[in-house]
$ cat coords_26.cif   # mmCIF, C-alpha atoms
data_final
#
loop_
_atom_site.label_atom_id
_atom_site.label_comp_id
_atom_site.auth_asym_id
_atom_site.auth_seq_id
_atom_site.Cartn_x
_atom_site.Cartn_y
_atom_site.Cartn_z
CA MET R 1 0.00 0.00 0.00
CA LYS R 2 1.30 3.39 -0.95
CA VAL R 3 1.65 5.67 2.03
CA ASN R 4 0.85 9.32 1.51
CA LYS R 5 3.68 11.25 3.12
CA LEU R 6 1.52 14.28 3.88
CA GLU R 7 -1.17 12.22 5.54
CA LEU R 8 1.49 10.38 7.51
CA THR R 9 2.98 13.58 8.93
CA VAL R 10 -0.46 14.97 9.77
CA GLY R 11 -1.37 11.72 11.50
CA GLY R 12 1.86 11.90 13.45
CA PHE R 13 1.13 15.51 14.38
CA VAL R 14 -2.31 14.70 15.72
CA LEU R 15 -1.01 11.69 17.65
CA LEU R 16 1.80 13.79 19.12
CA GLY R 17 -0.69 16.44 20.25
CA LEU R 18 -2.99 13.90 21.85
CA ALA R 19 -0.02 12.19 23.50
CA ALA R 20 1.09 15.53 24.94
CA LEU R 21 -2.38 16.08 26.34
CA LEU R 22 -2.42 12.59 27.81
CA VAL R 23 0.96 13.04 29.47
CA LEU R 24 -0.18 16.40 30.86
CA SER R 25 -3.31 14.96 32.36
CA LEU R 26 -1.85 11.70 33.65
CA LYS R 27 1.65 12.57 34.73
CA ILE R 28 1.47 16.28 35.49
CA ALA R 29 -1.99 16.39 37.00
CA ASP R 30 -1.26 13.20 38.96
CA SER R 31 -4.02 11.17 37.30
CA GLN R 32 -7.05 12.60 38.97
CA PHE R 33 -9.02 10.85 36.25
CA SER R 34 -9.44 7.85 38.47
CA GLY R 35 -11.25 9.96 41.06
CA ASP R 36 -11.16 9.08 44.70
CA GLY R 37 -13.32 6.00 44.60
CA PRO R 38 -16.65 5.64 46.40
CA SER R 39 -17.32 8.06 49.21
CA TYR R 40 -19.83 8.95 51.89
CA THR R 41 -20.89 12.24 53.40
CA LEU R 42 -20.29 13.57 56.90
CA TYR R 43 -21.21 16.93 58.38
CA ALA R 44 -19.30 19.03 60.86
CA ARG R 45 -20.33 22.26 62.55
CA PHE R 46 -17.65 24.76 63.44
CA ASP R 47 -17.86 28.11 65.19
CA ASN R 48 -15.37 29.57 62.73
CA ILE R 49 -14.03 27.98 59.58
CA GLY R 50 -11.24 30.50 58.98
CA GLY R 51 -9.85 30.11 55.48
CA LEU R 52 -11.30 26.67 54.74
CA LYS R 53 -12.41 26.24 51.12
CA PRO R 54 -14.27 23.60 49.12
CA ARG R 55 -11.81 20.85 48.04
CA SER R 56 -9.63 21.44 51.10
CA PRO R 57 -8.34 18.07 52.33
CA VAL R 58 -9.48 16.15 55.38
CA LYS R 59 -6.47 14.45 56.93
CA VAL R 60 -5.86 11.78 59.51
CA GLY R 61 -2.25 11.90 60.61
CA GLY R 62 -1.29 13.60 57.34
CA VAL R 63 -3.08 11.11 55.09
CA VAL R 64 -5.85 12.59 52.95
CA VAL R 65 -9.02 10.66 53.79
CA GLY R 66 -11.58 13.04 52.31
CA ARG R 67 -12.31 16.49 50.98
CA VAL R 68 -14.49 19.42 51.90
CA GLU R 69 -17.41 19.35 49.51
CA LYS R 70 -19.25 22.54 50.44
CA ILE R 71 -19.52 25.09 53.19
CA GLU R 72 -22.87 26.54 54.19
CA LEU R 73 -24.30 28.63 56.98
CA ASP R 74 -27.09 27.05 59.02
CA SER R 75 -29.85 29.64 58.73
CA ASP R 76 -31.36 28.70 62.13
CA ASP R 77 -28.46 29.32 64.46
CA PHE R 78 -25.98 30.96 62.07
CA VAL R 79 -23.24 28.36 62.47
CA PRO R 80 -21.13 27.23 59.48
CA VAL R 81 -21.86 23.67 58.41
CA VAL R 82 -19.11 21.91 56.46
CA THR R 83 -20.04 18.97 54.24
CA LEU R 84 -17.24 16.42 54.02
CA LYS R 85 -16.80 13.83 51.31
CA MET R 86 -15.02 10.91 52.97
CA PHE R 87 -13.36 8.14 50.96
CA GLU R 88 -14.93 4.80 51.65
CA ARG R 89 -11.67 2.88 51.28
CA TYR R 90 -10.47 4.21 54.66
CA GLY R 91 -13.57 2.87 56.36
CA TYR R 92 -15.74 4.58 58.95
CA PHE R 93 -14.46 6.49 61.95
CA PRO R 94 -15.75 6.09 65.53
CA GLU R 95 -18.33 8.48 66.88
CA THR R 96 -15.89 9.99 69.36
CA SER R 97 -13.62 11.34 66.62
CA SER R 98 -12.91 15.04 66.73
CA ALA R 99 -12.33 17.44 63.84
CA SER R 100 -10.25 20.59 64.02
CA ILE R 101 -9.26 23.15 61.41
CA LEU R 102 -5.49 23.30 61.10
CA THR R 103 -3.00 25.14 58.95
CA ALA R 104 -0.30 23.43 56.90
CA GLY R 105 2.90 25.19 57.91
CA LEU R 106 2.96 28.80 58.98
CA LEU R 107 1.38 30.28 55.88
CA GLY R 108 0.00 27.19 54.17
CA GLU R 109 -3.55 26.28 53.25
CA GLN R 110 -6.05 25.24 55.87
CA TYR R 111 -7.32 21.69 56.20
CA ILE R 112 -9.47 19.63 58.52
CA GLY R 113 -7.51 17.39 60.85
CA LEU R 114 -9.59 14.41 61.93
CA ASN R 115 -8.60 12.78 65.21
CA PRO R 116 -10.08 9.28 65.38
CA GLY R 117 -11.46 8.37 68.80
CA PHE R 118 -11.10 5.03 70.54
CA ILE R 119 -12.90 2.11 69.07
CA MET R 120 -14.91 0.38 71.80
CA GLU R 121 -17.85 -1.90 71.77
CA ASP R 122 -20.52 0.53 72.84
CA ILE R 123 -19.31 3.32 70.55
CA GLU R 124 -20.85 3.44 67.13
CA SER R 125 -19.07 4.65 64.03
CA LEU R 126 -19.89 7.73 62.01
CA GLU R 127 -22.22 6.48 59.30
CA ALA R 128 -23.01 8.34 56.11
CA GLY R 129 -24.89 11.54 56.90
CA ALA R 130 -23.72 11.70 60.53
CA THR R 131 -22.46 14.90 62.12
CA ILE R 132 -19.13 15.15 63.89
CA GLU R 133 -19.96 16.57 67.34
CA ASP R 134 -16.52 17.35 68.68
CA THR R 135 -15.04 20.19 66.61
CA LYS R 136 -12.41 22.84 67.16
CA SER R 137 -12.56 26.05 65.17
CA ALA R 138 -9.83 27.63 63.15
CA LEU R 139 -7.43 29.86 65.02
CA VAL R 140 -8.00 33.46 64.10
CA LEU R 141 -4.93 35.56 64.71
CA GLU R 142 -6.84 38.64 65.86
CA GLU R 143 -8.73 36.64 68.50
CA LEU R 144 -5.49 35.08 69.72
CA ILE R 145 -3.87 38.49 70.06
CA GLY R 146 -6.97 39.74 71.83
CA LYS R 147 -6.77 36.86 74.35
CA VAL R 148 -3.09 37.46 74.97
CA LEU R 149 -3.68 41.19 75.53
CA PHE R 150 -6.60 40.40 77.84
CA SER R 151 -4.56 37.98 79.93
CA LEU R 152 -1.69 40.49 80.13
CA THR R 153 -3.93 43.29 81.38
CA GLU R 154 -5.52 40.96 83.97
CA LYS R 155 -2.29 40.73 85.95
CA MET I 1 -18.31 69.30 14.09
CA ILE I 2 -21.21 67.70 12.30
CA GLN I 3 -18.72 66.20 9.88
CA ALA I 4 -16.80 64.59 12.72
CA ILE I 5 -19.98 63.04 14.11
CA SER I 6 -20.97 61.70 10.72
CA GLN I 7 -17.46 60.28 10.28
CA LEU I 8 -17.83 58.49 13.58
CA GLY I 9 -21.17 57.13 12.44
CA ALA I 10 -19.72 55.99 9.13
CA SER I 11 -16.85 54.14 10.78
CA CYS I 12 -19.27 52.48 13.22
CA LEU I 13 -21.49 51.38 10.35
CA ALA I 14 -18.49 50.07 8.41
CA ASN I 15 -17.32 48.04 11.42
CA VAL I 16 -20.75 46.58 12.07
CA ALA I 17 -21.12 45.76 8.38
CA ALA I 18 -17.73 44.00 8.41
CA LEU I 19 -18.78 42.00 11.46
CA GLY I 20 -21.96 41.04 9.66
CA ARG I 21 -20.07 39.99 6.52
CA ALA I 22 -17.66 37.96 8.67
CA SER I 23 -20.53 36.17 10.42
CA MET I 24 -22.24 35.48 7.10
CA MET I 25 -19.00 34.11 5.67
CA LEU I 26 -18.51 31.79 8.63
CA ALA I 27 -22.12 30.64 8.66
CA GLN I 28 -22.11 29.89 4.93
CA ALA I 29 -18.73 28.18 5.09
CA LEU I 30 -19.66 25.86 7.94
CA TRP I 31 -23.38 25.21 7.44
CA PHE I 32 -23.33 22.09 5.33
CA ILE I 33 -22.96 18.35 5.75
CA PRO I 34 -19.27 17.36 5.74
CA THR I 35 -18.10 15.26 2.85
CA ARG I 36 -15.11 12.99 2.34
CA LYS I 37 -13.54 15.68 0.22
CA LEU I 38 -13.73 18.15 3.10
CA LEU I 39 -11.91 15.69 5.35
CA ARG I 40 -9.13 15.29 2.80
CA ASP I 41 -8.80 19.05 2.50
CA ILE I 42 -8.70 19.41 6.28
CA VAL I 43 -5.81 16.93 6.43
CA ARG I 44 -3.88 18.94 3.84
CA GLN I 45 -4.52 22.19 5.73
CA LEU I 46 -3.60 20.55 9.03
CA TYR I 47 -0.19 19.95 7.52
CA VAL I 48 0.14 23.61 6.56
CA VAL I 49 -1.12 25.23 9.75
CA GLY I 50 -0.26 22.47 12.23
CA VAL I 51 2.81 20.49 11.29
CA LEU I 52 4.66 23.46 9.83
CA SER I 53 3.94 25.53 12.98
CA LEU I 54 5.45 22.82 15.15
CA PRO I 55 9.10 24.02 15.22
CA ILE I 56 8.33 27.57 16.33
CA ILE I 57 5.82 26.36 18.93
CA LEU I 58 8.17 23.78 20.43
CA VAL I 59 11.22 26.06 20.51
CA SER I 60 9.34 28.96 22.07
CA GLY I 61 7.67 26.63 24.57
CA LEU I 62 11.02 25.31 25.69
CA PHE I 63 12.52 28.76 26.14
CA ILE I 64 9.47 30.20 27.89
CA GLY I 65 9.43 27.30 30.36
CA MET I 66 13.14 27.80 31.03
CA VAL I 67 12.74 31.54 31.57
CA ILE I 68 9.82 31.11 33.98
CA ALA I 69 11.89 28.61 35.95
CA PHE I 70 14.77 31.08 36.19
CA GLN I 71 12.66 34.04 37.25
CA GLY I 72 10.50 31.98 39.56
CA TYR I 73 13.52 30.44 41.25
CA SER I 74 15.15 33.78 41.97
CA ILE I 75 11.98 35.00 43.72
CA LEU I 76 10.97 31.75 45.44
CA VAL I 77 14.44 31.06 46.84
CA ASP I 78 14.17 34.22 48.95
CA PHE I 79 11.27 32.63 50.82
CA GLY I 80 12.86 29.21 50.93
CA ALA I 81 10.00 27.98 48.78
CA GLU I 82 11.95 26.88 45.71
CA THR I 83 10.23 23.50 45.81
CA SER I 84 7.10 25.34 44.64
CA LEU I 85 8.87 25.99 41.35
CA GLY I 86 7.13 23.00 39.74
CA PRO I 87 3.53 24.17 40.31
CA MET I 88 4.51 27.72 39.45
CA VAL I 89 5.92 26.76 36.05
CA ALA I 90 3.13 24.30 35.31
CA LEU I 91 0.27 26.53 36.42
CA SER I 92 1.46 29.60 34.56
CA LEU I 93 1.95 27.54 31.41
CA LEU I 94 -1.28 25.55 31.59
CA ARG I 95 -3.54 28.41 32.57
CA GLU I 96 -2.14 31.40 30.71
CA LEU I 97 1.04 31.23 28.72
CA GLY I 98 0.35 27.99 26.88
CA PRO I 99 -2.94 28.99 25.24
CA VAL I 100 -2.08 32.68 24.84
CA VAL I 101 1.45 32.44 23.45
CA THR I 102 0.44 29.57 21.18
CA ALA I 103 -2.42 31.67 19.84
CA LEU I 104 -0.16 34.69 19.28
CA LEU I 105 2.47 32.60 17.52
CA PHE I 106 -0.24 30.85 15.55
CA ALA I 107 -1.67 34.21 14.45
CA GLY I 108 1.77 35.29 13.29
CA ARG I 109 2.87 32.01 11.73
CA ALA I 110 -0.30 30.49 10.29
CA GLY I 111 -2.93 33.25 10.44
CA SER I 112 -0.94 35.70 8.37
CA ALA I 113 -0.23 32.98 5.80
CA LEU I 114 -3.94 32.12 5.57
CA THR I 115 -4.86 35.77 5.05
CA ALA I 116 -2.21 36.30 2.38
CA GLU I 117 -3.12 33.07 0.60
CA ILE I 118 -6.83 33.79 0.43
CA GLY I 119 -6.24 37.46 -0.36
CA LEU I 120 -4.07 36.50 -3.30
CA MET I 121 -6.66 33.95 -4.43
CA LYS I 122 -9.18 36.75 -4.45
CA THR I 123 -6.87 39.21 -6.20
CA THR I 124 -6.02 36.76 -8.95
CA GLU I 125 -9.74 36.01 -9.26
CA GLN I 126 -9.36 32.35 -8.37
CA LEU I 127 -12.30 32.64 -6.01
CA SER I 128 -14.59 34.10 -8.67
CA SER I 129 -13.50 31.51 -11.20
CA MET I 130 -14.39 28.80 -8.70
CA GLU I 131 -17.82 30.35 -8.43
CA MET I 132 -18.05 30.36 -12.24
CA MET I 133 -17.45 26.60 -12.16
CA ALA I 134 -20.22 26.18 -9.58
CA VAL I 135 -17.71 25.38 -6.83
CA ASP I 136 -18.51 27.23 -3.63
CA PRO I 137 -15.21 28.85 -2.55
CA LEU I 138 -16.55 29.23 0.97
CA ARG I 139 -16.94 25.48 1.32
CA ARG I 140 -13.90 24.53 -0.69
CA VAL I 141 -11.40 27.13 0.55
CA ILE I 142 -12.63 28.61 3.84
CA ALA I 143 -14.17 25.60 5.59
CA PRO I 144 -11.16 23.21 5.56
CA ARG I 145 -8.80 25.97 6.68
CA PHE I 146 -11.12 26.95 9.49
CA TRP I 147 -11.50 23.42 10.83
CA ALA I 148 -7.80 22.73 10.47
CA GLY I 149 -7.00 25.81 12.57
CA VAL I 150 -9.52 24.85 15.23
CA ILE I 151 -8.15 21.30 15.43
CA ALA I 152 -4.49 22.26 15.32
CA MET I 153 -4.40 24.96 18.01
CA PRO I 154 -5.35 22.91 21.11
CA LEU I 155 -2.90 20.20 20.02
CA LEU I 156 -0.16 22.77 19.54
CA ALA I 157 -0.95 24.35 22.92
CA SER I 158 -0.71 20.95 24.64
CA MET I 159 2.69 20.32 23.11
CA PHE I 160 3.75 23.86 24.05
CA ASN I 161 2.76 23.21 27.68
CA LEU I 162 4.54 19.87 27.83
CA VAL I 163 7.76 21.18 26.31
CA GLY I 164 7.57 24.27 28.53
CA ILE I 165 7.24 22.17 31.69
CA TRP I 166 10.15 20.07 30.52
CA GLY I 167 12.17 23.27 29.98
CA GLY I 168 11.28 24.40 33.49
CA PHE I 169 12.39 21.01 34.79
CA LEU I 170 15.71 21.28 32.94
CA VAL I 171 16.53 24.68 34.41
CA GLY I 172 15.00 24.16 37.85
CA VAL I 173 16.10 20.64 38.64
CA GLU I 174 19.09 19.90 36.43
CA TRP I 175 20.70 23.31 36.65
CA LEU I 176 19.54 25.16 39.77
CA GLY I 177 19.30 22.02 41.88
CA VAL I 178 15.68 22.00 43.02
CA ASP I 179 14.77 18.60 44.45
CA ASP I 180 13.61 16.28 41.69
CA GLY I 181 10.91 14.47 43.70
CA SER I 182 9.28 17.52 45.21
CA PHE I 183 9.29 19.34 41.85
CA TRP I 184 7.03 16.69 40.34
CA SER I 185 5.00 15.68 43.37
CA ILE I 186 4.05 19.22 44.44
CA MET I 187 3.25 19.98 40.82
CA GLY I 188 1.02 16.92 40.63
CA ALA I 189 -0.72 17.74 43.88
CA SER I 190 -1.53 21.33 42.95
CA ILE I 191 -2.81 20.84 39.40
CA GLU I 192 -6.35 19.75 38.79
CA PHE I 193 -7.48 18.22 35.55
CA GLY I 194 -10.67 20.21 35.06
CA GLN I 195 -9.64 23.47 36.62
CA ASP I 196 -6.23 23.85 35.01
CA ILE I 197 -5.84 21.55 32.01
CA GLY I 198 -9.51 21.65 30.98
CA ASN I 199 -9.81 25.40 31.23
CA GLY I 200 -6.55 25.83 29.34
CA LEU I 201 -7.93 23.63 26.56
CA ILE I 202 -11.20 25.60 26.44
CA LYS I 203 -9.17 28.78 26.18
CA SER I 204 -7.11 27.49 23.30
CA VAL I 205 -10.21 26.30 21.41
CA VAL I 206 -11.77 29.75 21.81
CA PHE I 207 -8.55 31.42 20.67
CA ALA I 208 -8.37 29.06 17.70
CA LEU I 209 -11.89 30.04 16.62
CA ALA I 210 -11.04 33.73 16.97
CA VAL I 211 -7.65 33.65 15.25
CA THR I 212 -8.66 31.52 12.26
CA TRP I 213 -11.91 33.43 11.81
CA VAL I 214 -10.11 36.79 11.81
CA ALA I 215 -7.41 35.50 9.46
CA LEU I 216 -9.84 33.94 6.99
CA PHE I 217 -12.22 36.89 6.97
CA ASN I 218 -9.45 39.44 6.44
CA GLY I 219 -8.18 37.44 3.48
CA TYR I 220 -11.66 36.97 2.06
CA ASP I 221 -12.55 40.62 2.54
CA ALA I 222 -9.21 42.02 1.32
CA ARG I 223 -9.19 44.72 -1.35
CA PRO I 224 -7.98 42.94 -4.49
CA SER I 225 -4.64 44.68 -4.87
CA ALA I 226 -1.08 44.22 -3.65
CA ARG I 227 -1.58 47.00 -1.11
CA GLY I 228 -4.91 45.51 -0.07
CA ILE I 229 -3.28 42.14 0.69
CA SER I 230 -0.51 43.71 2.74
CA GLN I 231 -3.04 45.72 4.73
CA ALA I 232 -5.22 42.67 5.24
CA THR I 233 -2.26 40.61 6.49
CA THR I 234 -1.22 43.29 8.96
CA ARG I 235 -4.78 43.73 10.14
CA SER I 236 -5.20 39.99 10.52
CA VAL I 237 -2.22 39.67 12.88
CA VAL I 238 -3.04 42.84 14.85
CA TYR I 239 -6.74 42.10 15.29
CA ALA I 240 -6.15 38.44 16.08
CA SER I 241 -3.54 39.27 18.72
CA LEU I 242 -5.69 41.95 20.37
CA LEU I 243 -8.72 39.67 20.27
CA VAL I 244 -6.76 36.84 21.90
CA LEU I 245 -5.52 39.07 24.72
CA GLY I 246 -8.94 40.58 25.29
CA LEU I 247 -10.70 37.21 25.22
CA ASP I 248 -8.07 35.84 27.58
CA PHE I 249 -8.95 38.46 30.16
CA ILE I 250 -12.66 37.71 29.87
CA LEU I 251 -12.16 33.94 30.01
CA THR I 252 -9.77 34.18 32.94
CA ALA I 253 -12.24 36.37 34.83
CA LEU I 254 -15.00 33.85 34.15
CA MET I 255 -12.95 30.72 34.94
CA PHE I 256 -10.77 31.77 37.85
CA GLY I 257 -12.55 34.90 39.03
CA SER I 258 -14.81 33.49 41.72
#
$ encode --input "coords_26.cif" --output "structure tokens"
Amino acid sequence: MKVNKLELTVGGFVLLGLAALLVLSLKIADSQFSGDGPSYTLYARFDNIGGLKPRSPVKVGGVVVGRVEKIELDSDDFVPVVTLKMFERYGYFPETSSASILTAGLLGEQYIGLNPGFIMEDIESLEAGATIEDTKSALVLEELIGKVLFSLTEK
Amino acid sequence: MIQAISQLGASCLANVAALGRASMMLAQALWFIPTRKLLRDIVRQLYVVGVLSLPIILVSGLFIGMVIAFQGYSILVDFGAETSLGPMVALSLLRELGPVVTALLFAGRAGSALTAEIGLMKTTEQLSSMEMMAVDPLRRVIAPRFWAGVIAMPLLASMFNLVGIWGGFLVGVEWLGVDDGSFWSIMGASIEFGQDIGNGLIKSVVFALAVTWVALFNGYDARPSARGISQATTRSVVYASLLVLGLDFILTALMFGS
């Protein structure tokens, strides 16, 4: 079969372009094609979410076990409610787990640090749709400074 | 005074009329069922606008990636954050520089050639003789070039990005000594497929539509003289570049604004 040189180069060009795109999405973007697998939803209520954003990670001991899906304000008592998408492959956490909003490094992004509680017989685990009761808010610098000033003037 | 106002009105009318002619041209060129012949013509035009643009795109991508790595390193190292060089190079290429610089180079390399080619076809009355032979020049000449441009640009932009990131890697890791592992892993962690790569692709498709449309219309609408062709070619590159930069601002505001 006679090969048309022009068609061959064009075919090579298109393949090269698609290959570049594939490498970009798989290698550079760390293959987020595969998604995070099946997940379930948890809710957490904080007094102050600081700089938390949707897609911020939820970490247990530094391992990402979920992501913040959305952040809303409860219109009844005006408390922020954070919806968490937890990956099912890490299983379910006990009811006594606590969530706190932490900062990666001094200036880094904020994330939710999940502290798993003890697993005992009479303690149930956090099923899909459950709310984490024990939460610690983000540290706000101004409030911290205010507390320090207050405690200094007390003396 | 009244003359000035009427001049303003005339230029407005002329611009609106040109926009209308351009839309009509595009609509007529694209509104028909594709045939095998069109596909063959698209392949031929892909060679002209795509394959032949490859050297300039790859070389400029490499150098732009290297330069970003240099400049980024000299700033980031002050904060001890030189490991963030990877995401910085990749994000600036994927989101902005890749689509925009590719479109500007494409306007200069391929757009100007398209304008000159079609302008000369018009000047030498090839287009009217095609009409005489009952061949629609819009379908035969404009349509394959338009599609070829729209197909070629996102591919070229992807290659630009990849070569640019590689250039940034060469300078950052091989030369300046940024840690190899953290360069790639932090880059991978901070780039999202939809947000960064997808939006970059959408941008380059939009730029491709704009640049090829401007180039084809300016050629098709050129005054049939040597001077007319030279004016049309200049106008094609200037308008296409301005349009790309303006559209880039609008798209960026829409995509990354909130």
$ interface_residues --input "coords_26.cif" --of "chain I" --to "chain R" --cutoff "7 Å" --atoms "only C-alpha atoms" --output "list in words"
Val43, Leu46, Tyr47, Val51, Leu155, Leu156, Ser158, Met159, Leu162, Met187, Gly188, Ala189, Ile191, Glu192 and Phe193 of chain I
$ resolve_selection --input "coords_26.cif" --expression "the PyMOL selection byres ((chain I and resi 71-79) around 10)" --output "ChimeraX atom specification"
/I:66-70,80-86,88-89,168,171-172,176,178
$ residues_around --input "coords_26.cif" --residues "Ile112 in chain R" --least-positions-apart "5" --cutoff "7 Å" --atoms "only C-alpha atoms" --output "ChimeraX atom specification"
/R:57-59,99-102
$ write_last_selection --input "coords_26.cif" --atoms "C-alpha atoms" --output "CSV table (one decimal), keeping the file's coordinate frame"
chain,number,residue,atom,x,y,z
R,57,PRO,CA,-8.3,18.1,52.3
R,58,VAL,CA,-9.5,16.2,55.4
R,59,LYS,CA,-6.5,14.4,56.9
R,99,ALA,CA,-12.3,17.4,63.8
R,100,SER,CA,-10.2,20.6,64.0
R,101,ILE,CA,-9.3,23.2,61.4
R,102,LEU,CA,-5.5,23.3,61.1
$ resolve_selection --input "coords_26.cif" --expression "the PyMOL selection byres ((chain R and resi 121-123) around 12)" --output "PyMOL selection string"
chain R and resi 93-97+117-120+124-126
$ resolve_selection --input "coords_26.cif" --expression "the PyMOL selection byres ((chain R and resi 83) around 8)" --output "list in words"
Thr41, Leu42, Tyr43, Ala44, Val68, Glu69, Lys70, Ile71, Val81, Val82, Leu84 and Lys85 of chain R
$ write_last_selection --input "coords_26.cif" --atoms "C-alpha atoms" --output "JSON list (two decimals), in the frame of the given file"
[["chain", "number", "residue", "atom", "x", "y", "z"],
["R", 41, "THR", "CA", -20.89, 12.24, 53.40],
["R", 42, "LEU", "CA", -20.29, 13.57, 56.90],
["R", 43, "TYR", "CA", -21.21, 16.93, 58.38],
["R", 44, "ALA", "CA", -19.30, 19.03, 60.86],
["R", 68, "VAL", "CA", -14.49, 19.42, 51.90],
["R", 69, "GLU", "CA", -17.41, 19.35, 49.51],
["R", 70, "LYS", "CA", -19.25, 22.54, 50.44],
["R", 71, "ILE", "CA", -19.52, 25.09, 53.19],
["R", 81, "VAL", "CA", -21.86, 23.67, 58.41],
["R", 82, "VAL", "CA", -19.11, 21.91, 56.46],
["R", 84, "LEU", "CA", -17.24, 16.42, 54.02],
["R", 85, "LYS", "CA", -16.80, 13.83, 51.31]]
$ residues_near_point --input "coords_26.cif" --point "(-11.2, 16.8, 2.6)" --cutoff "12 Å" --atoms "all atoms listed in the file" --output "number ranges by chain"
R: 7; I: 34-46, 139-145, 147-148
$ residues_around --input "coords_26.cif" --residues "Ala113 in chain I" --least-positions-apart "5" --cutoff "9 Å" --atoms "only C-alpha atoms" --output "JSON, numbers by chain"
{"I": [49, 107, 108, 118, 215, 233]}
$ atom_distance --input "coords_26.cif" --atom1 "CA of Leu105 in chain I" --atom2 "CA of Tyr220 in chain I"
21.4 Å
$ atom_distance --input "coords_26.cif" --atom1 "CA of Ala18 in chain I" --atom2 "CA of Ser112 in chain I"
18.7 Å
$ atom_distance --input "coords_26.cif" --atom1 "CA of Ile132 in chain R" --atom2 "CA of Phe46 in chain R"
9.7 Å
$ residues_near_point --input "coords_26.cif" --point "(-1.6, 33.0, 32.8)" --cutoff "12 Å" --atoms "only C-alpha atoms" --output "number ranges by chain"
I: 68, 88-101, 161, 196, 199-200, 203, 245, 248-249, 251-253, 255-256
$ build_atoms --input "coords_26.cif" --residues "range 132-146 of chain R" --atoms "N, CA and C atoms" --output "short mmCIF file (atom, residue, chain, number, x, y, z; two decimals), in the frame of the given file"
data_model
loop_
_atom_site.label_atom_id
_atom_site.label_comp_id
_atom_site.auth_asym_id
_atom_site.auth_seq_id
_atom_site.Cartn_x
_atom_site.Cartn_y
_atom_site.Cartn_z
N ILE R 132 -20.20 15.22 62.91
CA ILE R 132 -19.13 15.15 63.89
C ILE R 132 -19.43 16.17 64.99
N GLU R 133 -19.53 15.67 66.26
CA GLU R 133 -19.96 16.57 67.34
C GLU R 133 -18.79 17.39 67.87
N ASP R 134 -17.64 16.73 67.99
CA ASP R 134 -16.52 17.35 68.68
C ASP R 134 -15.65 18.11 67.66
N THR R 135 -15.80 19.43 67.61
CA THR R 135 -15.04 20.19 66.61
C THR R 135 -14.30 21.34 67.28
N LYS R 136 -13.16 21.67 66.69
CA LYS R 136 -12.41 22.84 67.16
C LYS R 136 -12.27 23.80 65.99
N SER R 137 -12.55 25.06 66.24
CA SER R 137 -12.56 26.05 65.17
C SER R 137 -11.15 26.41 64.74
N ALA R 138 -11.10 27.12 63.63
CA ALA R 138 -9.83 27.63 63.15
C ALA R 138 -9.33 28.70 64.11
N LEU R 139 -8.01 28.80 64.21
CA LEU R 139 -7.43 29.86 65.02
C LEU R 139 -7.44 31.15 64.22
N VAL R 140 -8.03 32.16 64.77
CA VAL R 140 -8.00 33.46 64.10
C VAL R 140 -7.01 34.33 64.84
N LEU R 141 -6.07 34.87 64.11
CA LEU R 141 -4.93 35.56 64.71
C LEU R 141 -5.38 36.72 65.60
N GLU R 142 -6.38 37.47 65.11
CA GLU R 142 -6.84 38.64 65.86
C GLU R 142 -7.40 38.21 67.22
N GLU R 143 -8.16 37.10 67.23
CA GLU R 143 -8.73 36.64 68.50
C GLU R 143 -7.64 36.21 69.45
N LEU R 144 -6.61 35.52 68.89
CA LEU R 144 -5.49 35.08 69.72
C LEU R 144 -4.82 36.28 70.37
N ILE R 145 -4.54 37.29 69.54
CA ILE R 145 -3.87 38.49 70.06
C ILE R 145 -4.74 39.14 71.14
N GLY R 146 -6.05 39.16 70.85
CA GLY R 146 -6.97 39.74 71.83
C GLY R 146 -6.90 39.00 73.16
#
